[in-house]
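Colleague: What follows is a structure written as structure tokens; I'll ask about it next.
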Amino acid sequence: MRVDAFFAFTVAVILVLTGKIITLNTPILRKYSIPEPVIGGLLCALFVGFIYALFETKIVFDLAMRDFLLLLFFAGIGLKADVRTLLSGGRPLAILLALAAVFILIQNLAGMGMASLFGLEARAGLMVGSISLTGGIGTTLAWAPVFREHLGISNAMELGVASNTVGLIAACMIGGPVAAFLMKRHGIAGTHDPELDIGASKDGRQSRLDYFCVLWAILALNLALIFGLGISRLIALSGLNLPTFVSCLLAGILIRNLMPVAVSASVQRSWPGVDEGLALVSELALGLFLTMALMGLQLWQLDRVFTFIASTLAVQIALAVTFTIFIVFRFMGRDYEAVVISAGFGGIALGSAATAIANMTAVSQQYGAAHRAFIVVPLVCGFFIDIVNALIISAFVG
């Protein structure tokens, strides 16, 4: 049963609203900063899985809008990135990248160890390691044929997709609780800065948004997308393989910081809510993207490898949480920025760039903005980590 793109998008809107309403009326979800889109998306995935179990009918959504929403979201991050904040993120960015690289090694060793324990080819464990977890579905699809054709691991695709499914759900759920634990344990207070990078503040203050603010935001986002797609094509001509959303992020940064000062000042003076418009549209794009990503989960793929996947992912999740609390938080500065980065590390280690930012957004909406975190984490999980991951995977496979 195939649901076409328009109806799938409408379902996603309904699910985001559902998640918002449930979160607003469930104190424990707000306490642990569980991202609102996750609730609706998981409900849909469970419903689709239930229908399959009951009637053996697969419901498949046409998610054509999903990739566009991801580009829109990252363009919005770039458009809110001030170059001074970007430069201040140099050292933390290098530290976070190094920590992520170390965790990739731990992740792959754990996966290979669990594979050996279950009597499988050790390198099959890489599919439940950094390939599917840090790398995400794109890396899984790229490496699965290599494992099948050259290493003889026939169920590599099944292992990778199933691991990515569980990892994505786990990444969405651990960020908020980790942040809450760190803040309580170390007595850290939020900034209560209402000028959020993504999303609207929940402090009840009056918004400066109006018609022109949203219209300027949409124009800026569209220009960033056009520029970003152009950058992506130029990079592709050079032979490099760079995710398109990274190009849109870079395009947004360039537009924000190279725009003539007079134009930027004039717009900000006439419509001071333009940044709020960008934050709001970016939050909508992120929420809809994450919901549609969860709508696309096919839980029945876990069936044949359930025991191995469940056992291995339990180990991987425990490692991610432990590493975040005792290593990432400590090395990133033990302050509120470190808390927000720690909330996003689950997305880096287990899910995707979008889940990392969704976790960070949920935390910052509750405790205040963390501007440097929203520059450092997208650059690490959106660009640098893919290069490091590819090198490490190649070494393990070789």
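Ordered as shown in the structure tokens, chains take letters A, B, and onward, while each chain numbers its residues from 1 and ligands are numbered from 1 in the order shown.
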Tell me, as a PyMOL selection string, which residues lie within 7 Å of segment 330-347 of chain A, counting only C-alpha atoms; anything in the same chain fewer than 5 positions away does not count.

Modeller: chain A and resi 92+171+174-176+178-179+182+188-190+320+324+352-353+355-357+359-360+363+370+373+377

Colleague: Could you pull the residues within 10 Å of Leu79 of chain A, counting only C-alpha atoms, minus those fewer than 2 positions along the same chain, as a list in words?

Modeller: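 In the requested format, the answer is Phe74, Ala75, Gly76, Ile77, Ala81, Asp82, Asp197, Ala217, Ala220, Leu221, Ala224, Cys248, Leu249, Leu250, Ala251, Gly252, Ile253, Leu254, Ile255, Arg256, Asn257, Asp275, Leu278 and Ala279 of chain A.
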
Colleague: Please save C-alpha atoms of the selected residues as a PDB file, in the first residue's frame.

Modeller:
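Written output follows (part-v3.pdb):
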ATOM      1  CA  PHE A  74      20.789  23.227   7.252  1.00  0.00           C
ATOM      2  CA  ALA A  75      20.552  26.364   5.111  1.00  0.00           C
ATOM      3  CA  GLY A  76      18.746  27.946   8.077  1.00  0.00           C
ATOM      4  CA  ILE A  77      21.569  26.998  10.451  1.00  0.00           C
ATOM      5  CA  ALA A  81      25.836  31.540  11.930  1.00  0.00           C
ATOM      6  CA  ASP A  82      27.878  34.620  12.758  1.00  0.00           C
ATOM      7  CA  ASP A 197      19.452  29.203  16.735  1.00  0.00           C
ATOM      8  CA  ALA A 217      13.346  34.356   5.925  1.00  0.00           C
ATOM      9  CA  ALA A 220      17.031  34.007   2.319  1.00  0.00           C
ATOM     10  CA  LEU A 221      16.513  30.245   2.646  1.00  0.00           C
ATOM     11  CA  ALA A 224      20.904  29.697   0.269  1.00  0.00           C
ATOM     12  CA  CYS A 248      23.663  24.374   1.830  1.00  0.00           C
ATOM     13  CA  LEU A 249      25.082  24.923   5.324  1.00  0.00           C
ATOM     14  CA  LEU A 250      28.192  26.545   3.840  1.00  0.00           C
ATOM     15  CA  ALA A 251      26.070  28.635   1.459  1.00  0.00           C
ATOM     16  CA  GLY A 252      24.019  29.948   4.381  1.00  0.00           C
ATOM     17  CA  ILE A 253      27.183  30.886   6.298  1.00  0.00           C
ATOM     18  CA  LEU A 254      28.604  32.719   3.274  1.00  0.00           C
ATOM     19  CA  ILE A 255      25.388  34.646   2.596  1.00  0.00           C
ATOM     20  CA  ARG A 256      25.014  35.647   6.250  1.00  0.00           C
ATOM     21  CA  ASN A 257      28.578  36.902   6.618  1.00  0.00           C
ATOM     22  CA  ASP A 275      16.154  35.882  12.786  1.00  0.00           C
ATOM     23  CA  LEU A 278      14.573  31.863  10.186  1.00  0.00           C
ATOM     24  CA  ALA A 279      14.539  29.946  13.467  1.00  0.00           C
TER      25      ALA A 279
END

Colleague: For atom CA of Ala100 of chain A and atom CA of Val246 of chain A, determine how far apart the two atoms are, in Å to one decimal place.

Modeller: 18.1 Å

Colleague: Could you jot down the atom CA of Ala318 of chain A to atom CA of Ile131 of chain A separation for me, Å, one decimal place?

Modeller: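 Atom-to-atom, atom CA of Ala318 of chain A to atom CA of Ile131 of chain A, that is 17.9 Å.
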
Colleague: Determine which residues of segment 28-223 of chain A receive a DSSP assignment of helix (DSSP H, G or I), computed from the backbone, and state them as a ChimeraX atom specification.

Modeller: /A:28-31,36-55,64-79,83-88,90-117,122-128,136-150,156-186,211-223

Colleague: So which one's closest to Val397 of chain A, A:Leu99, A:Leu46, A:Ala122, A:Val161? Using only C-alpha atoms, please.

Modeller: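 Smallest distance to Val397 of chain A is found for A:Ala122.
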
Colleague: Under the rule that only C-alpha atoms are counted, which of A:Met127, A:Ala180, A:Ala115, A:Leu215 is the nearest residue to Asn164 of chain A?

Modeller: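 Among the listed residues, A:Met127 lies closest to Asn164 of chain A.
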
Colleague: Could you state the separation of atom CA of Gly129 of chain A and atom CA of Leu290 of chain A in Å, given to one decimal place?

Modeller: 21.9 Å

Colleague: Which residue out of A:Ala124, A:Ile39, A:Ile22, A:Ile169 has the minimum interatomic distance to Arg148 of chain A when only C-alpha atoms are used?

Modeller: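 Using only C-alpha atoms, the shortest distance to Arg148 of chain A belongs to A:Ala124.
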
Colleague: Which residue out of A:Ile59, A:Val315, A:Ala310, A:Val281 has the minimum interatomic distance to Ala110 of chain A when only C-alpha atoms are used?

Modeller: A:Val315

Colleague: Rank A:His371, A:Val214, A:Asn108, A:Leu120 by their smallest atom-to-atom distance to Ser282 of chain A, using only C-alpha atoms, and report the top residue only.

Modeller: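 Distance minimum relative to Ser282 of chain A lands on A:Val214.
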
Colleague: Which residue, A:Gln366, A:Thr361, A:Ser154, A:Thr244, has the smallest gap to Phe68 of chain A when you use only C-alpha atoms?

Modeller: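 Distance minimum relative to Phe68 of chain A lands on A:Thr244.
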